[in-house]
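One structure is given below, encoded as structure tokens.
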Amino acid sequence: MPNVLIRDLDPAVHSVLSARAEARGQSLQQYLTAELTELAAKPTLEELLLEFSHRPPQHIPREEIIKALHAGRRD
């Protein structure tokens with residue numbers, strides 16, 4: 001499994017991350033692995049925009065939009 005080495009990390013940042021890991025009952029490595037996994041699972045704005053740019057445009061009839069707006073106002 002790959003390893004990551006972070007150099008020149010501000011000691012205050014290390015302290016905060018260590019405290020968060022301890023609060024969860026995890027080692028710093030376990031905590032950072034979970035956080036990085038969650039971060040990697042979320043697409044960036046650029047990735048989303050690229051994905052959307054490849055989708056074909058969808059036409060929604062004007063009447064459906066107006067109906068949905070009115071239904072939302074009643075709820």
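Each chain of the structure tokens is named A, B, ... in the order shown, its residues numbered from 1; ligands are numbered from 1 in display order.
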
Check the DSSP output for the backbone and give back, as an mmCIF file with all heavy atoms, in the first residue's frame, the residues of chain A in helix (DSSP H, G or I).
data_model
loop_
_atom_site.group_PDB
_atom_site.id
_atom_site.type_symbol
_atom_site.label_atom_id
_atom_site.label_comp_id
_atom_site.auth_asym_id
_atom_site.auth_seq_id
_atom_site.Cartn_x
_atom_site.Cartn_y
_atom_site.Cartn_z
ATOM 1 N N PRO A 11 3.411 22.685 13.525
ATOM 2 C CA PRO A 11 3.152 21.926 14.750
ATOM 3 C C PRO A 11 1.739 22.122 15.301
ATOM 4 O O PRO A 11 1.153 21.201 15.861
ATOM 5 C CB PRO A 11 4.192 22.454 15.734
ATOM 6 C CG PRO A 11 5.294 22.984 14.886
ATOM 7 C CD PRO A 11 4.625 23.505 13.642
ATOM 8 N N ALA A 12 1.164 23.303 15.109
ATOM 9 C CA ALA A 12 -0.199 23.543 15.576
ATOM 10 C C ALA A 12 -1.194 22.686 14.795
ATOM 11 O O ALA A 12 -2.161 22.171 15.374
ATOM 12 C CB ALA A 12 -0.549 25.018 15.440
ATOM 13 N N VAL A 13 -0.965 22.520 13.508
ATOM 14 C CA VAL A 13 -1.835 21.676 12.684
ATOM 15 C C VAL A 13 -1.716 20.227 13.149
ATOM 16 O O VAL A 13 -2.724 19.533 13.311
ATOM 17 C CB VAL A 13 -1.471 21.807 11.188
ATOM 18 C CG1 VAL A 13 -2.236 20.801 10.343
ATOM 19 C CG2 VAL A 13 -1.727 23.229 10.704
ATOM 20 N N HIS A 14 -0.509 19.781 13.376
ATOM 21 C CA HIS A 14 -0.278 18.413 13.857
ATOM 22 C C HIS A 14 -0.986 18.197 15.187
ATOM 23 O O HIS A 14 -1.622 17.156 15.410
ATOM 24 C CB HIS A 14 1.226 18.140 13.993
ATOM 25 C CG HIS A 14 1.540 16.749 14.412
ATOM 26 N ND1 HIS A 14 1.621 16.371 15.727
ATOM 27 C CD2 HIS A 14 1.756 15.631 13.669
ATOM 28 C CE1 HIS A 14 1.896 15.080 15.796
ATOM 29 N NE2 HIS A 14 1.983 14.606 14.549
ATOM 30 N N SER A 15 -0.922 19.171 16.048
ATOM 31 C CA SER A 15 -1.552 19.069 17.359
ATOM 32 C C SER A 15 -3.073 18.934 17.240
ATOM 33 O O SER A 15 -3.696 18.099 17.910
ATOM 34 C CB SER A 15 -1.184 20.293 18.196
ATOM 35 O OG SER A 15 -1.815 20.249 19.446
ATOM 36 N N VAL A 16 -3.672 19.753 16.384
ATOM 37 C CA VAL A 16 -5.130 19.696 16.181
ATOM 38 C C VAL A 16 -5.535 18.342 15.616
ATOM 39 O O VAL A 16 -6.491 17.711 16.085
ATOM 40 C CB VAL A 16 -5.597 20.840 15.250
ATOM 41 C CG1 VAL A 16 -7.028 20.628 14.794
ATOM 42 C CG2 VAL A 16 -5.443 22.184 15.935
ATOM 43 N N LEU A 17 -4.820 17.870 14.608
ATOM 44 C CA LEU A 17 -5.143 16.590 13.994
ATOM 45 C C LEU A 17 -4.965 15.434 14.978
ATOM 46 O O LEU A 17 -5.788 14.517 15.022
ATOM 47 C CB LEU A 17 -4.293 16.369 12.738
ATOM 48 C CG LEU A 17 -4.557 17.346 11.586
ATOM 49 C CD1 LEU A 17 -3.544 17.139 10.471
ATOM 50 C CD2 LEU A 17 -5.976 17.208 11.071
ATOM 51 N N SER A 18 -3.927 15.492 15.765
ATOM 52 C CA SER A 18 -3.703 14.459 16.783
ATOM 53 C C SER A 18 -4.826 14.450 17.813
ATOM 54 O O SER A 18 -5.303 13.384 18.222
ATOM 55 C CB SER A 18 -2.361 14.674 17.485
ATOM 56 O OG SER A 18 -1.297 14.480 16.585
ATOM 57 N N ALA A 19 -5.267 15.632 18.219
ATOM 58 C CA ALA A 19 -6.359 15.724 19.190
ATOM 59 C C ALA A 19 -7.658 15.177 18.604
ATOM 60 O O ALA A 19 -8.421 14.492 19.302
ATOM 61 C CB ALA A 19 -6.544 17.179 19.634
ATOM 62 N N ARG A 20 -7.920 15.457 17.342
ATOM 63 C CA ARG A 20 -9.132 14.928 16.695
ATOM 64 C C ARG A 20 -9.079 13.410 16.598
ATOM 65 O O ARG A 20 -10.091 12.735 16.800
ATOM 66 C CB ARG A 20 -9.302 15.549 15.312
ATOM 67 C CG ARG A 20 -9.694 17.010 15.366
ATOM 68 C CD ARG A 20 -9.833 17.601 13.990
ATOM 69 N NE ARG A 20 -10.134 19.024 14.070
ATOM 70 C CZ ARG A 20 -10.151 19.840 13.038
ATOM 71 N NH1 ARG A 20 -9.912 19.377 11.812
ATOM 72 N NH2 ARG A 20 -10.426 21.120 13.195
ATOM 73 N N ALA A 21 -7.921 12.892 16.265
ATOM 74 C CA ALA A 21 -7.763 11.439 16.192
ATOM 75 C C ALA A 21 -7.990 10.812 17.566
ATOM 76 O O ALA A 21 -8.717 9.816 17.694
ATOM 77 C CB ALA A 21 -6.364 11.087 15.672
ATOM 78 N N GLU A 22 -7.416 11.406 18.578
ATOM 79 C CA GLU A 22 -7.572 10.884 19.937
ATOM 80 C C GLU A 22 -9.041 10.930 20.378
ATOM 81 O O GLU A 22 -9.537 9.997 21.010
ATOM 82 C CB GLU A 22 -6.709 11.693 20.909
ATOM 83 C CG GLU A 22 -6.690 11.116 22.312
ATOM 84 C CD GLU A 22 -5.754 11.871 23.241
ATOM 85 O OE1 GLU A 22 -4.785 12.482 22.750
ATOM 86 O OE2 GLU A 22 -6.017 11.848 24.454
ATOM 87 N N ALA A 23 -9.728 11.995 20.011
ATOM 88 C CA ALA A 23 -11.145 12.126 20.368
ATOM 89 C C ALA A 23 -11.988 11.025 19.729
ATOM 90 O O ALA A 23 -13.018 10.633 20.279
ATOM 91 C CB ALA A 23 -11.666 13.505 19.957
ATOM 92 N N LEU A 28 -3.324 8.648 14.740
ATOM 93 C CA LEU A 28 -3.266 9.724 13.752
ATOM 94 C C LEU A 28 -3.323 9.144 12.346
ATOM 95 O O LEU A 28 -4.008 9.677 11.468
ATOM 96 C CB LEU A 28 -2.005 10.578 13.951
ATOM 97 C CG LEU A 28 -1.845 11.779 13.024
ATOM 98 C CD1 LEU A 28 -3.025 12.727 13.117
ATOM 99 C CD2 LEU A 28 -0.544 12.516 13.345
ATOM 100 N N GLN A 29 -2.648 8.028 12.126
ATOM 101 C CA GLN A 29 -2.659 7.388 10.808
ATOM 102 C C GLN A 29 -4.069 6.935 10.436
ATOM 103 O O GLN A 29 -4.519 7.162 9.312
ATOM 104 C CB GLN A 29 -1.714 6.186 10.785
ATOM 105 C CG GLN A 29 -1.720 5.465 9.450
ATOM 106 C CD GLN A 29 -0.764 4.291 9.417
ATOM 107 O OE1 GLN A 29 0.207 4.264 10.145
ATOM 108 N NE2 GLN A 29 -1.050 3.321 8.558
ATOM 109 N N GLN A 30 -4.784 6.320 11.359
ATOM 110 C CA GLN A 30 -6.156 5.882 11.081
ATOM 111 C C GLN A 30 -7.060 7.079 10.770
ATOM 112 O O GLN A 30 -7.868 7.037 9.842
ATOM 113 C CB GLN A 30 -6.727 5.116 12.274
ATOM 114 C CG GLN A 30 -6.093 3.764 12.504
ATOM 115 C CD GLN A 30 -6.500 3.167 13.840
ATOM 116 O OE1 GLN A 30 -6.664 3.878 14.832
ATOM 117 N NE2 GLN A 30 -6.671 1.855 13.858
ATOM 118 N N TYR A 31 -6.922 8.124 11.569
ATOM 119 C CA TYR A 31 -7.734 9.319 11.373
ATOM 120 C C TYR A 31 -7.480 9.939 10.006
ATOM 121 O O TYR A 31 -8.403 10.239 9.258
ATOM 122 C CB TYR A 31 -7.441 10.331 12.489
ATOM 123 C CG TYR A 31 -8.151 11.651 12.301
ATOM 124 C CD1 TYR A 31 -9.498 11.796 12.624
ATOM 125 C CD2 TYR A 31 -7.482 12.759 11.788
ATOM 126 C CE1 TYR A 31 -10.158 13.001 12.439
ATOM 127 C CE2 TYR A 31 -8.130 13.970 11.607
ATOM 128 C CZ TYR A 31 -9.462 14.087 11.935
ATOM 129 O OH TYR A 31 -10.116 15.282 11.741
ATOM 130 N N LEU A 32 -6.202 10.135 9.669
ATOM 131 C CA LEU A 32 -5.864 10.765 8.388
ATOM 132 C C LEU A 32 -6.252 9.882 7.205
ATOM 133 O O LEU A 32 -6.699 10.398 6.171
ATOM 134 C CB LEU A 32 -4.376 11.105 8.341
ATOM 135 C CG LEU A 32 -3.941 12.217 9.300
ATOM 136 C CD1 LEU A 32 -2.431 12.399 9.249
ATOM 137 C CD2 LEU A 32 -4.657 13.522 8.984
ATOM 138 N N THR A 33 -6.139 8.579 7.343
ATOM 139 C CA THR A 33 -6.548 7.675 6.273
ATOM 140 C C THR A 33 -8.048 7.819 6.011
ATOM 141 O O THR A 33 -8.487 7.919 4.865
ATOM 142 C CB THR A 33 -6.204 6.219 6.622
ATOM 143 O OG1 THR A 33 -4.781 6.101 6.734
ATOM 144 C CG2 THR A 33 -6.704 5.255 5.554
ATOM 145 N N ALA A 34 -8.847 7.876 7.073
ATOM 146 C CA ALA A 34 -10.299 8.036 6.924
ATOM 147 C C ALA A 34 -10.635 9.387 6.307
ATOM 148 O O ALA A 34 -11.488 9.478 5.412
ATOM 149 C CB ALA A 34 -10.983 7.884 8.283
ATOM 150 N N GLU A 35 -9.980 10.449 6.757
ATOM 151 C CA GLU A 35 -10.249 11.787 6.231
ATOM 152 C C GLU A 35 -9.848 11.905 4.757
ATOM 153 O O GLU A 35 -10.575 12.493 3.956
ATOM 154 C CB GLU A 35 -9.520 12.845 7.065
ATOM 155 C CG GLU A 35 -10.068 13.009 8.463
ATOM 156 C CD GLU A 35 -11.497 13.519 8.492
ATOM 157 O OE1 GLU A 35 -11.774 14.562 7.860
ATOM 158 O OE2 GLU A 35 -12.343 12.863 9.125
ATOM 159 N N LEU A 36 -8.702 11.357 4.405
ATOM 160 C CA LEU A 36 -8.253 11.421 3.015
ATOM 161 C C LEU A 36 -9.128 10.566 2.106
ATOM 162 O O LEU A 36 -9.395 10.942 0.957
ATOM 163 C CB LEU A 36 -6.786 10.997 2.905
ATOM 164 C CG LEU A 36 -5.776 11.974 3.497
ATOM 165 C CD1 LEU A 36 -4.380 11.362 3.522
ATOM 166 C CD2 LEU A 36 -5.772 13.284 2.736
ATOM 167 N N THR A 37 -9.601 9.436 2.610
ATOM 168 C CA THR A 37 -10.507 8.586 1.842
ATOM 169 C C THR A 37 -11.807 9.323 1.556
ATOM 170 O O THR A 37 -12.327 9.305 0.435
ATOM 171 C CB THR A 37 -10.786 7.273 2.593
ATOM 172 O OG1 THR A 37 -9.547 6.586 2.788
ATOM 173 C CG2 THR A 37 -11.749 6.379 1.826
ATOM 174 N N GLU A 38 -12.335 10.020 2.569
ATOM 175 C CA GLU A 38 -13.554 10.806 2.395
ATOM 176 C C GLU A 38 -13.325 11.957 1.415
ATOM 177 O O GLU A 38 -14.164 12.225 0.552
ATOM 178 C CB GLU A 38 -14.018 11.352 3.746
ATOM 179 C CG GLU A 38 -15.340 12.067 3.689
ATOM 180 C CD GLU A 38 -15.800 12.535 5.059
ATOM 181 O OE1 GLU A 38 -15.511 11.878 6.066
ATOM 182 O OE2 GLU A 38 -16.464 13.598 5.100
ATOM 183 N N LEU A 39 -12.200 12.613 1.520
ATOM 184 C CA LEU A 39 -11.867 13.713 0.617
ATOM 185 C C LEU A 39 -11.782 13.225 -0.827
ATOM 186 O O LEU A 39 -12.296 13.870 -1.747
ATOM 187 C CB LEU A 39 -10.547 14.362 1.050
ATOM 188 C CG LEU A 39 -10.024 15.510 0.220
ATOM 189 C CD1 LEU A 39 -10.967 16.706 0.304
ATOM 190 C CD2 LEU A 39 -8.634 15.910 0.693
ATOM 191 N N ALA A 40 -11.150 12.086 -1.038
ATOM 192 C CA ALA A 40 -10.987 11.553 -2.396
ATOM 193 C C ALA A 40 -12.313 11.091 -2.992
ATOM 194 O O ALA A 40 -12.472 11.082 -4.214
ATOM 195 C CB ALA A 40 -9.985 10.399 -2.383
ATOM 196 N N ALA A 41 -13.271 10.740 -2.152
ATOM 197 C CA ALA A 41 -14.567 10.261 -2.640
ATOM 198 C C ALA A 41 -15.445 11.389 -3.158
ATOM 199 O O ALA A 41 -16.379 11.146 -3.925
ATOM 200 C CB ALA A 41 -15.297 9.511 -1.525
ATOM 201 N N LEU A 45 -15.138 20.638 -7.770
ATOM 202 C CA LEU A 45 -16.022 21.436 -8.612
ATOM 203 C C LEU A 45 -15.632 21.268 -10.077
ATOM 204 O O LEU A 45 -16.496 21.109 -10.955
ATOM 205 C CB LEU A 45 -15.969 22.905 -8.203
ATOM 206 C CG LEU A 45 -16.797 23.863 -9.038
ATOM 207 C CD1 LEU A 45 -18.281 23.482 -9.022
ATOM 208 C CD2 LEU A 45 -16.613 25.285 -8.550
ATOM 209 N N GLU A 46 -14.339 21.280 -10.365
ATOM 210 C CA GLU A 46 -13.871 21.130 -11.736
ATOM 211 C C GLU A 46 -14.280 19.778 -12.311
ATOM 212 O O GLU A 46 -14.691 19.681 -13.475
ATOM 213 C CB GLU A 46 -12.340 21.292 -11.817
ATOM 214 C CG GLU A 46 -11.856 22.691 -11.538
ATOM 215 C CD GLU A 46 -11.766 23.019 -10.041
ATOM 216 O OE1 GLU A 46 -11.849 22.094 -9.201
ATOM 217 O OE2 GLU A 46 -11.654 24.213 -9.726
ATOM 218 N N GLU A 47 -14.189 18.717 -11.496
ATOM 219 C CA GLU A 47 -14.587 17.385 -11.960
ATOM 220 C C GLU A 47 -16.090 17.331 -12.240
ATOM 221 O O GLU A 47 -16.523 16.733 -13.232
ATOM 222 C CB GLU A 47 -14.200 16.325 -10.927
ATOM 223 C CG GLU A 47 -12.709 16.113 -10.806
ATOM 224 C CD GLU A 47 -12.292 15.307 -9.591
ATOM 225 O OE1 GLU A 47 -13.077 15.197 -8.622
ATOM 226 O OE2 GLU A 47 -11.161 14.772 -9.606
ATOM 227 N N LEU A 48 -16.892 17.950 -11.373
ATOM 228 C CA LEU A 48 -18.337 17.981 -11.591
ATOM 229 C C LEU A 48 -18.694 18.747 -12.861
ATOM 230 O O LEU A 48 -19.520 18.302 -13.658
ATOM 231 C CB LEU A 48 -19.047 18.618 -10.397
ATOM 232 C CG LEU A 48 -19.194 17.755 -9.156
ATOM 233 C CD1 LEU A 48 -19.774 18.577 -8.013
ATOM 234 C CD2 LEU A 48 -20.046 16.541 -9.430
ATOM 235 N N LEU A 49 -18.072 19.898 -13.035
ATOM 236 C CA LEU A 49 -18.352 20.700 -14.231
ATOM 237 C C LEU A 49 -17.966 19.956 -15.504
ATOM 238 O O LEU A 49 -18.686 20.006 -16.510
ATOM 239 C CB LEU A 49 -17.640 22.045 -14.149
ATOM 240 C CG LEU A 49 -18.156 22.994 -13.067
ATOM 241 C CD1 LEU A 49 -17.275 24.241 -12.987
ATOM 242 C CD2 LEU A 49 -19.607 23.365 -13.310
ATOM 243 N N LEU A 50 -16.851 19.252 -15.457
ATOM 244 C CA LEU A 50 -16.429 18.472 -16.626
ATOM 245 C C LEU A 50 -17.436 17.364 -16.907
ATOM 246 O O LEU A 50 -17.821 17.137 -18.056
ATOM 247 C CB LEU A 50 -15.032 17.889 -16.401
ATOM 248 C CG LEU A 50 -14.447 17.078 -17.550
ATOM 249 C CD1 LEU A 50 -14.282 17.964 -18.794
ATOM 250 C CD2 LEU A 50 -13.120 16.472 -17.147
ATOM 251 N N GLU A 51 -17.881 16.686 -15.864
ATOM 252 C CA GLU A 51 -18.883 15.626 -16.028
ATOM 253 C C GLU A 51 -20.179 16.190 -16.621
ATOM 254 O O GLU A 51 -20.753 15.628 -17.550
ATOM 255 C CB GLU A 51 -19.178 14.958 -14.684
ATOM 256 C CG GLU A 51 -20.227 13.867 -14.773
ATOM 257 C CD GLU A 51 -20.604 13.292 -13.425
ATOM 258 O OE1 GLU A 51 -19.765 13.343 -12.490
ATOM 259 O OE2 GLU A 51 -21.742 12.811 -13.295
ATOM 260 N N PHE A 52 -20.640 17.314 -16.090
ATOM 261 C CA PHE A 52 -21.874 17.921 -16.581
ATOM 262 C C PHE A 52 -21.737 18.395 -18.027
ATOM 263 O O PHE A 52 -22.696 18.367 -18.793
ATOM 264 C CB PHE A 52 -22.304 19.087 -15.700
ATOM 265 C CG PHE A 52 -22.734 18.666 -14.316
ATOM 266 C CD1 PHE A 52 -22.573 19.528 -13.252
ATOM 267 C CD2 PHE A 52 -23.287 17.419 -14.076
ATOM 268 C CE1 PHE A 52 -22.971 19.159 -11.971
ATOM 269 C CE2 PHE A 52 -23.685 17.036 -12.803
ATOM 270 C CZ PHE A 52 -23.527 17.901 -11.754
ATOM 271 N N SER A 53 -20.546 18.837 -18.393
ATOM 272 C CA SER A 53 -20.352 19.334 -19.763
ATOM 273 C C SER A 53 -20.451 18.212 -20.790
ATOM 274 O O SER A 53 -20.700 18.472 -21.965
ATOM 275 C CB SER A 53 -19.002 20.042 -19.890
ATOM 276 O OG SER A 53 -17.935 19.110 -19.862
ATOM 277 N N ARG A 62 -41.871 23.963 -20.230
ATOM 278 C CA ARG A 62 -42.167 25.125 -19.393
ATOM 279 C C ARG A 62 -43.300 24.840 -18.412
ATOM 280 O O ARG A 62 -43.253 25.222 -17.247
ATOM 281 C CB ARG A 62 -42.519 26.298 -20.310
ATOM 282 C CG ARG A 62 -42.802 27.591 -19.605
ATOM 283 C CD ARG A 62 -43.030 28.694 -20.656
ATOM 284 N NE ARG A 62 -43.132 29.978 -20.015
ATOM 285 C CZ ARG A 62 -44.286 30.537 -19.637
ATOM 286 N NH1 ARG A 62 -45.417 29.899 -19.836
ATOM 287 N NH2 ARG A 62 -44.294 31.714 -19.060
ATOM 288 N N GLU A 63 -44.319 24.146 -18.873
ATOM 289 C CA GLU A 63 -45.471 23.843 -18.031
ATOM 290 C C GLU A 63 -45.082 23.009 -16.815
ATOM 291 O O GLU A 63 -45.607 23.201 -15.725
ATOM 292 C CB GLU A 63 -46.552 23.105 -18.844
ATOM 293 C CG GLU A 63 -47.141 23.899 -19.986
ATOM 294 C CD GLU A 63 -46.208 23.975 -21.212
ATOM 295 O OE1 GLU A 63 -45.360 23.076 -21.399
ATOM 296 O OE2 GLU A 63 -46.326 24.966 -21.953
ATOM 297 N N GLU A 64 -44.169 22.060 -17.005
ATOM 298 C CA GLU A 64 -43.711 21.222 -15.882
ATOM 299 C C GLU A 64 -42.958 22.056 -14.850
ATOM 300 O O GLU A 64 -43.099 21.839 -13.647
ATOM 301 C CB GLU A 64 -42.823 20.087 -16.384
ATOM 302 C CG GLU A 64 -43.580 18.945 -17.012
ATOM 303 C CD GLU A 64 -42.670 17.768 -17.308
ATOM 304 O OE1 GLU A 64 -41.815 17.441 -16.459
ATOM 305 O OE2 GLU A 64 -42.825 17.187 -18.400
ATOM 306 N N ILE A 65 -42.161 22.990 -15.311
ATOM 307 C CA ILE A 65 -41.409 23.857 -14.403
ATOM 308 C C ILE A 65 -42.368 24.714 -13.581
ATOM 309 O O ILE A 65 -42.240 24.807 -12.356
ATOM 310 C CB ILE A 65 -40.408 24.739 -15.187
ATOM 311 C CG1 ILE A 65 -39.349 23.865 -15.859
ATOM 312 C CG2 ILE A 65 -39.772 25.774 -14.267
ATOM 313 C CD1 ILE A 65 -38.461 24.594 -16.831
ATOM 314 N N ILE A 66 -43.356 25.292 -14.246
ATOM 315 C CA ILE A 66 -44.319 26.142 -13.543
ATOM 316 C C ILE A 66 -45.126 25.318 -12.546
ATOM 317 O O ILE A 66 -45.351 25.734 -11.401
ATOM 318 C CB ILE A 66 -45.240 26.861 -14.566
ATOM 319 C CG1 ILE A 66 -44.404 27.865 -15.368
ATOM 320 C CG2 ILE A 66 -46.410 27.535 -13.869
ATOM 321 C CD1 ILE A 66 -45.121 28.469 -16.546
ATOM 322 N N LYS A 67 -45.525 24.120 -12.948
ATOM 323 C CA LYS A 67 -46.279 23.237 -12.061
ATOM 324 C C LYS A 67 -45.453 22.882 -10.818
ATOM 325 O O LYS A 67 -45.958 22.914 -9.695
ATOM 326 C CB LYS A 67 -46.670 21.977 -12.821
ATOM 327 C CG LYS A 67 -47.637 21.084 -12.083
ATOM 328 C CD LYS A 67 -48.264 20.131 -13.043
ATOM 329 C CE LYS A 67 -48.093 18.769 -13.091
ATOM 330 N NZ LYS A 67 -48.657 17.862 -13.952
ATOM 331 N N ALA A 68 -44.188 22.590 -11.014
ATOM 332 C CA ALA A 68 -43.306 22.246 -9.887
ATOM 333 C C ALA A 68 -43.119 23.443 -8.961
ATOM 334 O O ALA A 68 -43.089 23.292 -7.736
ATOM 335 C CB ALA A 68 -41.956 21.756 -10.404
ATOM 336 N N LEU A 69 -42.987 24.628 -9.533
ATOM 337 C CA LEU A 69 -42.839 25.831 -8.711
ATOM 338 C C LEU A 69 -44.081 26.065 -7.859
ATOM 339 O O LEU A 69 -43.992 26.346 -6.665
ATOM 340 C CB LEU A 69 -42.572 27.057 -9.587
ATOM 341 C CG LEU A 69 -41.189 27.143 -10.208
ATOM 342 C CD1 LEU A 69 -41.138 28.278 -11.225
ATOM 343 C CD2 LEU A 69 -40.136 27.333 -9.141
ATOM 344 N N HIS A 70 -45.248 25.926 -8.462
ATOM 345 C CA HIS A 70 -46.487 26.124 -7.716
ATOM 346 C C HIS A 70 -46.654 25.061 -6.637
ATOM 347 O O HIS A 70 -47.100 25.364 -5.530
ATOM 348 C CB HIS A 70 -47.699 26.130 -8.662
ATOM 349 C CG HIS A 70 -47.788 27.356 -9.508
ATOM 350 N ND1 HIS A 70 -47.978 28.611 -8.976
ATOM 351 C CD2 HIS A 70 -47.700 27.535 -10.852
ATOM 352 C CE1 HIS A 70 -47.995 29.513 -9.950
ATOM 353 N NE2 HIS A 70 -47.828 28.870 -11.118
ATOM 354 N N ALA A 71 -46.300 23.815 -6.947
ATOM 355 C CA ALA A 71 -46.409 22.737 -5.967
ATOM 356 C C ALA A 71 -45.480 22.999 -4.785
ATOM 357 O O ALA A 71 -45.842 22.747 -3.632
ATOM 358 C CB ALA A 71 -46.077 21.393 -6.604
ATOM 359 N N GLY A 72 -44.298 23.523 -5.074
ATOM 360 C CA GLY A 72 -43.345 23.830 -4.007
ATOM 361 C C GLY A 72 -43.828 24.935 -3.095
ATOM 362 O O GLY A 72 -43.533 24.954 -1.903
ATOM 363 N N ARG A 73 -44.552 25.864 -3.628
ATOM 364 C CA ARG A 73 -45.060 26.979 -2.820
ATOM 365 C C ARG A 73 -46.185 26.525 -1.895
ATOM 366 O O ARG A 73 -46.407 27.118 -0.858
ATOM 367 C CB ARG A 73 -45.555 28.110 -3.735
ATOM 368 C CG ARG A 73 -44.398 28.802 -4.416
ATOM 369 C CD ARG A 73 -44.854 29.958 -5.259
ATOM 370 N NE ARG A 73 -43.701 30.539 -5.934
ATOM 371 C CZ ARG A 73 -43.743 31.092 -7.116
ATOM 372 N NH1 ARG A 73 -44.881 31.172 -7.777
ATOM 373 N NH2 ARG A 73 -42.663 31.605 -7.654
ATOM 374 N N ARG A 74 -46.891 25.480 -2.301
ATOM 375 C CA ARG A 74 -47.982 24.977 -1.448
ATOM 376 C C ARG A 74 -47.452 24.141 -0.292
ATOM 377 O O ARG A 74 -48.112 24.005 0.723
ATOM 378 C CB ARG A 74 -48.938 24.133 -2.282
ATOM 379 C CG ARG A 74 -49.863 24.962 -3.158
ATOM 380 C CD ARG A 74 -50.874 24.050 -3.804
ATOM 381 N NE ARG A 74 -50.239 23.244 -4.848
ATOM 382 C CZ ARG A 74 -50.436 23.427 -6.149
ATOM 383 N NH1 ARG A 74 -51.263 24.348 -6.561
ATOM 384 N NH2 ARG A 74 -49.834 22.678 -7.026
#

task: Using CA of Asp8 in chain A and CA of Lys42 in chain A as the two end points, give the distance in Å to one decimal.
output: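 Here the two named atoms are 26.3 Å from each other.
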